[in-house]
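Asks: Before anything else, here's the structure in question.
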Amino acid sequence: MPVAGLSAAGTPPTAAELDWRPKDRLPDTVRNSLPAFCEGGYLPSVTESEPGGVFGEGAAADVPLHASGLDARYEVDSELYLKGDVRLRQGNFQATGSEARYNQSAGQVAIQGPLVSRGNGFLLTGDHAEYSVDTGRFDINTATFLLHGPEMRGRAESLSRMDDSRVEIREGMLTTCGPRQNDWSVVASEIELDQSEGFGTAKHVRLEVLDVPVFYWPYASFPIDDRRKSGFLYPQFGSSSAGSGAFLAVPYYLNLAPHYDATLTPQYIHGRGLFNEAEGRYLSSLGETTLQLGYIDNDSTYRDENPGESGQRWALDATTRAAFGGGWRGYGDFSVVSDEDYLSDLNRSLEINQTTHLQRKGGVRYQGPNQYFDVYLNDYQTVSDRIAQANKPYAQLPEALYAGTTEAGIFEAGLESQYTWFHRDNDTLTGLDRANGQRFRARPELAVPMRALWGYSRPSVSVDYTRYDLEDYTNGDGSFDRTVPVVEWDNGLYFDRQSSLFDVPYNQTLEPRLYYAWADAEADQNDIPAFDTALQTFRFEQLFRPDRFVGGDRVGDANQLTVALTSRFNDLVTGAERARFSIGQVQYFKDREVTLFGEGGGDRSRSPLAGEVVLNPLKNLQIRSSGLWDPETGETEEGRSQLVFHSEDYRYLATVGHTYSKGELEQSDIGAVIPATDRVSLIGRWVYDSDLDRTVGSLAGVEYNNCCWSVQVVHQNYLTDDEELDSRLLFQVQLRGLGGSGGSSTSISEAIYGFDERERRRFGTP
């Protein structure tokens, strides 16, 4: 491939050939930013710091024209003729050629090629050009051009810079592929670039692959900067067994106003029919609101699988966020679907995760330096029909939270409070499950915090008070309260020493911690409904909490001491924490009698040992492991381990994980993206359930990259609500500078940590 000077055929080089260099001949800053699959790149523009429009800008009429050449002939007040190494400059306009003829009376300069004009982030070449000294209009015949910023090159039968912001191109071609590498290109009979509006238009547009037309548009508009423009986005396509075959989506973007827009996505799913999704976004001075809709009028597959159903299915998701100032914020989330299978069958773009309950929540929040206030309404749609009414969550209509702290001498006073009105349709239920009503909870606290460089101590006393006012309560009077005194004493010491390992200095800490908790709670609280209460999962962080329950309907009794030890290894050169080891255990001085309908009590004198290990041996490698080990039985109760690795450029990705819960779950998963060559990468993830003795999820694919396009083909298996493995085939084709079609990268990003960052860096380091 030619790199500079004349092309292989001896003709003058194009603009791209003038500035393109093999990777080993590029400046370090450019070479280091290139992906491995790029063989070369462009030299940076020498005048990128100068202001300018599209292909430069003209000069004001009063700016003098500077011209030089090896030979000159001048007719007074008429014409200047230059020949040999001709150089012209007027303001930011620059050009070189073999001959030039300046008609002084007309203010026109005719330049004979080979012509080269270099300016603010661009380079132009041509056979012949006309330049207006008065208006700055610049017309070139048989032109080639290079835009350094997007690294886009092209050619044109003629190119006219009409003014500082508008360029017209006749019989033009553009691509981001390297010189003489037309893997893809966009060809049009007429192209107009309007920088003042931020978009371009083209007529009779063809997308060519290896110089063979594959798509045709009679008219197209496209953005040339970050401003939005209405028009078709790139199509999405793929295959899914959930949809009985292939699907094709053609999104259309509507730039309705500077502060609101919409995207309409009609799509055809084989076996189901025409499916439509729409998204609207509204931006105000306070914040942003997003509304997403999905609708299919006649889902033939769903109708056949569910006799009696009409086949009409839909979903809605809305979010809003607002900042009022002074620490006040507003928020809202609302999701609803027509049936429990919608999310697995149809959802492609709505931001609703596969779940059993969809939340509807809206409220106002205040966050200050010493105070917090939050009031909201919260409800759910239970998606699955298999969940019993008694197991459906309560709505909070409303819930208000307030917390605050203040200092008074050596004392620190704090208050946590909550008011909630719980409601659920309980007409068909009996006993405690039938109750609805109000709950008020307050926990004032008085502490004496003591801190020093070598440690801390924080004794505190608090009162956990709860008041109920219930309806349809069958265990007596629905108005009652509960008061529980709580004492806590948290103590920690800090020791450290400095040493070195492999000539790297580090600081090792030793941090013993003692935490005592006492709570005098009534043993039998099972006459109180469980509106929002559950037993907390016992892990290392739970060692330093007085209550084993989460929610307000149970307060656990406690008389216990936690003994824990943490050691950290900090790199003194970078300040990074390279390793952290933590272990702890609770010593119980009395039986735990408070239960949540039989769960949460216990009579053992010691808890399982809880531990955590976090290793960061390399900047791009992290290993985390946590678990519970019972010294009485010698068995592991619970364990979670994960290894995450990515190379500096995110080309290599690897995740390995294992999750274990005794008698409930044991799963292993491994995922990786591994380059087989500079251009081909293998993508995979596998999730195996040891209890089910089966694969519960997998993903396998291949990715090909070169410097101007990429393609991904991925096959995915996933477990449905019916515990059946479903499959789909996803594609994504990305043309550098034009975007991509398909949707495989989203699924891969959800499966493999770091893949979204890899996508962002695909064509070079940000």
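Lettering and numbering for the structure tokens are positional, with chains as A, B, ... in the shown order, residues counted from 1 in each chain, and ligands counted from 1 in the shown order.
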Could you pull the residues within 8 Å of segment 623-639 of chain A, counting only C-alpha atoms, minus those fewer than 4 positions along the same chain, as a list in words?
Replies: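 Here the answer would be Arg539, Phe540, Ser607, Pro608, Leu609, Ala610, Gly611, Glu612, Val613, Val614, Leu615, Asn616, Leu643, Val644, His658, Thr659, Tyr660, Ser661 and Lys662 of chain A.
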Asks: Generate the output file for the selected residues, C-alpha atoms, as a short mmCIF file (atom, residue, chain, number, x, y, z; two decimals), in the first residue's frame.
Replies:
data_model
loop_
_atom_site.label_atom_id
_atom_site.label_comp_id
_atom_site.auth_asym_id
_atom_site.auth_seq_id
_atom_site.Cartn_x
_atom_site.Cartn_y
_atom_site.Cartn_z
CA ARG A 539 -22.31 -12.52 55.91
CA PHE A 540 -19.22 -10.73 57.15
CA SER A 607 -21.87 -18.22 64.76
CA PRO A 608 -20.15 -19.68 61.74
CA LEU A 609 -16.85 -18.04 60.88
CA ALA A 610 -17.44 -15.33 58.28
CA GLY A 611 -14.59 -14.28 56.05
CA GLU A 612 -13.70 -12.12 53.05
CA VAL A 613 -10.64 -12.03 50.82
CA VAL A 614 -10.02 -9.36 48.19
CA LEU A 615 -6.85 -9.60 46.09
CA ASN A 616 -5.68 -7.00 43.58
CA LEU A 643 -12.05 -13.68 39.43
CA VAL A 644 -12.20 -10.73 37.02
CA HIS A 658 -18.58 -20.00 41.90
CA THR A 659 -21.62 -19.64 44.16
CA TYR A 660 -22.59 -22.11 46.86
CA SER A 661 -25.36 -22.19 49.44
CA LYS A 662 -25.69 -25.39 51.44
#
Asks: According to DSSP computed on the backbone, where in segment 202-290 of chain A is there strand (DSSP E or B)? Give the residues as a PyMOL selection string.
Replies: chain A and resi 202-209+212-223+231-232+236-240+245-249+252-257+260-269+273-283+287-290
Asks: Between A:Ser698, A:Thr430, A:Thr509, A:Thr11, which has the minimum distance to Thr474 of chain A (counting only C-alpha atoms)?
Replies: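 Checking each candidate against Thr474 of chain A, we get A:Thr430 as the closest.
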Asks: Please list as a list of chain:residue names every residue within 8 Å of Ser160 of chain A, counting only C-alpha atoms and excluding residues in the same chain fewer than 4 positions away.
Replies: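 Answer for this query is A:Arg137, A:Phe138, A:Asp139, A:Ile140, A:Val167, A:Glu168, A:Ile169.
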Asks: Per residue of segment 385-478 of chain A within 12 Å of segment 528-538 of chain A, record the nearest atom pair and its distance in Å to one decimal, counting only C-alpha atoms, with rows in chain order and ascending residue number, as CSV.
Replies:
residue,atom,partner,partner_atom,distance
A:Ala390,CA,A:Ala530,CA,10.6
A:Asn391,CA,A:Phe531,CA,10.3
A:Lys392,CA,A:Phe531,CA,10.1
A:Pro393,CA,A:Asp532,CA,7.6
A:Tyr394,CA,A:Phe531,CA,6.3
A:Ala395,CA,A:Phe531,CA,9.1
A:Gln396,CA,A:Phe531,CA,9.5
A:Glu399,CA,A:Asp532,CA,11.8
A:Thr420,CA,A:Phe531,CA,9.9
A:Trp421,CA,A:Phe531,CA,10.0
A:Phe422,CA,A:Phe531,CA,7.1
A:His423,CA,A:Phe531,CA,9.0
A:Arg424,CA,A:Phe531,CA,9.6
A:Thr430,CA,A:Pro529,CA,11.8
A:Gly431,CA,A:Pro529,CA,9.3
A:Leu432,CA,A:Pro529,CA,5.5
A:Asp433,CA,A:Pro529,CA,6.9
A:Arg434,CA,A:Pro529,CA,8.9
A:Ala435,CA,A:Pro529,CA,7.2
A:Asn436,CA,A:Phe531,CA,8.5
A:Gly437,CA,A:Phe531,CA,9.5
A:Gln438,CA,A:Phe531,CA,10.2
A:Arg439,CA,A:Phe531,CA,9.5
A:Thr466,CA,A:Ile528,CA,11.1
A:Arg467,CA,A:Ile528,CA,11.0
A:Tyr468,CA,A:Ile528,CA,9.0
A:Asp469,CA,A:Ile528,CA,11.2
A:Leu470,CA,A:Pro529,CA,9.6
A:Glu471,CA,A:Pro529,CA,11.4
A:Asp472,CA,A:Pro529,CA,11.3
A:Tyr473,CA,A:Pro529,CA,9.0
A:Thr474,CA,A:Ile528,CA,10.6
A:Asn475,CA,A:Ile528,CA,8.9
A:Gly476,CA,A:Ile528,CA,11.0
A:Asp477,CA,A:Ile528,CA,11.6
A:Gly478,CA,A:Ile528,CA,9.7
Asks: Figure out the distance between atom CA of Tyr81 of chain A and atom CA of Glu130 of chain A, please, to one decimal in Å.
Replies: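 Distance between the two atoms: 14.1 Å.
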Asks: Near segment 336-343 of chain A, within 7 Å and counting only C-alpha atoms, which residues show up once chain neighbours fewer than 2 positions away are dropped, as a CSV table (one decimal) with C-alpha atoms, in the first residue's frame?
Replies:
chain,number,residue,atom,x,y,z
A,313,ARG,CA,-49.7,-7.8,24.3
A,314,TRP,CA,-48.0,-4.7,25.6
A,315,ALA,CA,-45.6,-3.2,28.1
A,316,LEU,CA,-44.9,0.3,29.5
A,317,ASP,CA,-41.9,1.6,31.4
A,334,PHE,CA,-43.4,2.9,36.7
A,345,ASP,CA,-40.9,-13.4,24.6
A,346,LEU,CA,-40.8,-9.8,23.3
A,347,ASN,CA,-38.8,-7.3,25.3
A,354,GLN,CA,-36.7,-10.2,34.0
A,358,LEU,CA,-42.4,-4.7,38.7
A,381,GLN,CA,-47.2,-5.5,39.8
A,383,VAL,CA,-45.9,-10.6,37.1
A,384,SER,CA,-46.1,-14.3,37.8
Asks: Would you mind reading off the distance between atom CA of Leu233 of chain A and atom CA of Asp164 of chain A, one decimal, in Å?
Replies: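 A separation of 28.5 Å between them.
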Asks: Hey, what's within 12 Å of Trp489 of chain A if we count only C-alpha atoms and toss same-chain stuff fewer than 6 positions away? As number ranges by chain, please?
Replies: A: 446-450, 456-462, 513-518, 544-546, 559-562
Asks: Check the DSSP output for the backbone and give back, as a ChimeraX atom specification, the residues of segment 294-400 of chain A in alpha helix (DSSP H).
Replies: /A:300-305,342-345
Asks: Report, in Å to a single decimal, how far apart atom CA of Phe324 of chain A and atom CA of Gln371 of chain A are.
Replies: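 Taking atom CA of Gln371 of chain A as the start and atom CA of Phe324 of chain A as the end point, the length is 16.8 Å.
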Asks: Determine the nearest neighbour of Leu377 of chain A from the options A:Phe247, A:Tyr419, A:Phe581, A:Tyr402, counting only C-alpha atoms.
Replies: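 Closest residue, counting only C-alpha atoms: A:Tyr419.
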Asks: I'd like to know which of A:Glu407, A:Lys23, A:Cys38, A:Arg31 is closest to Ser710 of chain A, using only C-alpha atoms.
Replies: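 Smallest distance to Ser710 of chain A is found for A:Cys38.
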Asks: Give me, as a PyMOL selection string, all polymer residues having an atom no more than 8 Å from segment 502-504 of chain A, counting only C-alpha atoms and skipping those fewer than 5 positions away in the same chain.
Replies: chain A and resi 571-573
Asks: Under the rule that only C-alpha atoms are counted, which of A:Arg651, A:Arg497, A:Arg728, A:Arg482 is the nearest residue to Arg760 of chain A?
Replies: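 Of A:Arg651, A:Arg497, A:Arg728, A:Arg482, the one nearest Arg760 of chain A is A:Arg651, counting only C-alpha atoms.
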Asks: Near Pro617 of chain A, within 10 Å and counting only C-alpha atoms, which residues show up once chain neighbours fewer than 4 positions away are dropped, as a list of chain:residue names?
Replies: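 Contacts, with the query itself left out: A:Ala576, A:Glu577, A:Arg578, A:Ala579, A:Leu621, A:Gln622, A:Ile623.
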Asks: Would you mind exporting N, CA and C atoms of the selected residues as a CSV table (one decimal), in the first residue's frame?
Replies:
chain,number,residue,atom,x,y,z
A,576,ALA,N,-2.6,1.9,46.0
A,576,ALA,CA,-3.6,0.9,45.8
A,576,ALA,C,-3.6,-0.1,46.9
A,577,GLU,N,-4.8,-0.6,47.2
A,577,GLU,CA,-5.0,-1.7,48.2
A,577,GLU,C,-4.8,-3.0,47.4
A,578,ARG,N,-3.7,-3.7,47.6
A,578,ARG,CA,-3.4,-4.9,46.9
A,578,ARG,C,-4.1,-6.2,47.5
A,579,ALA,N,-4.3,-6.2,48.8
A,579,ALA,CA,-5.0,-7.3,49.4
A,579,ALA,C,-5.7,-6.9,50.7
A,621,LEU,N,-6.5,-7.1,37.5
A,621,LEU,CA,-6.9,-8.4,38.0
A,621,LEU,C,-7.5,-8.3,39.5
A,622,GLN,N,-8.7,-8.8,39.7
A,622,GLN,CA,-9.2,-8.8,41.0
A,622,GLN,C,-9.8,-10.2,41.3
A,623,ILE,N,-9.5,-10.6,42.5
A,623,ILE,CA,-10.0,-11.9,43.0
A,623,ILE,C,-10.8,-11.6,44.3
Asks: Using only C-alpha atoms, can you tell me which of A:Ala106, A:Ala672, A:Ala100, A:Leu43 comes closest to Gly149 of chain A?
Replies: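 With only C-alpha atoms as the atom set, the closest residue is A:Leu43.
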Asks: Using only C-alpha atoms, which of A:Gly551, A:Leu729, A:Gly362, A:Asp649 sits nearest Ser33 of chain A?
Replies: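 Looking at the shortest contact to Ser33 of chain A, the residue is A:Asp649.
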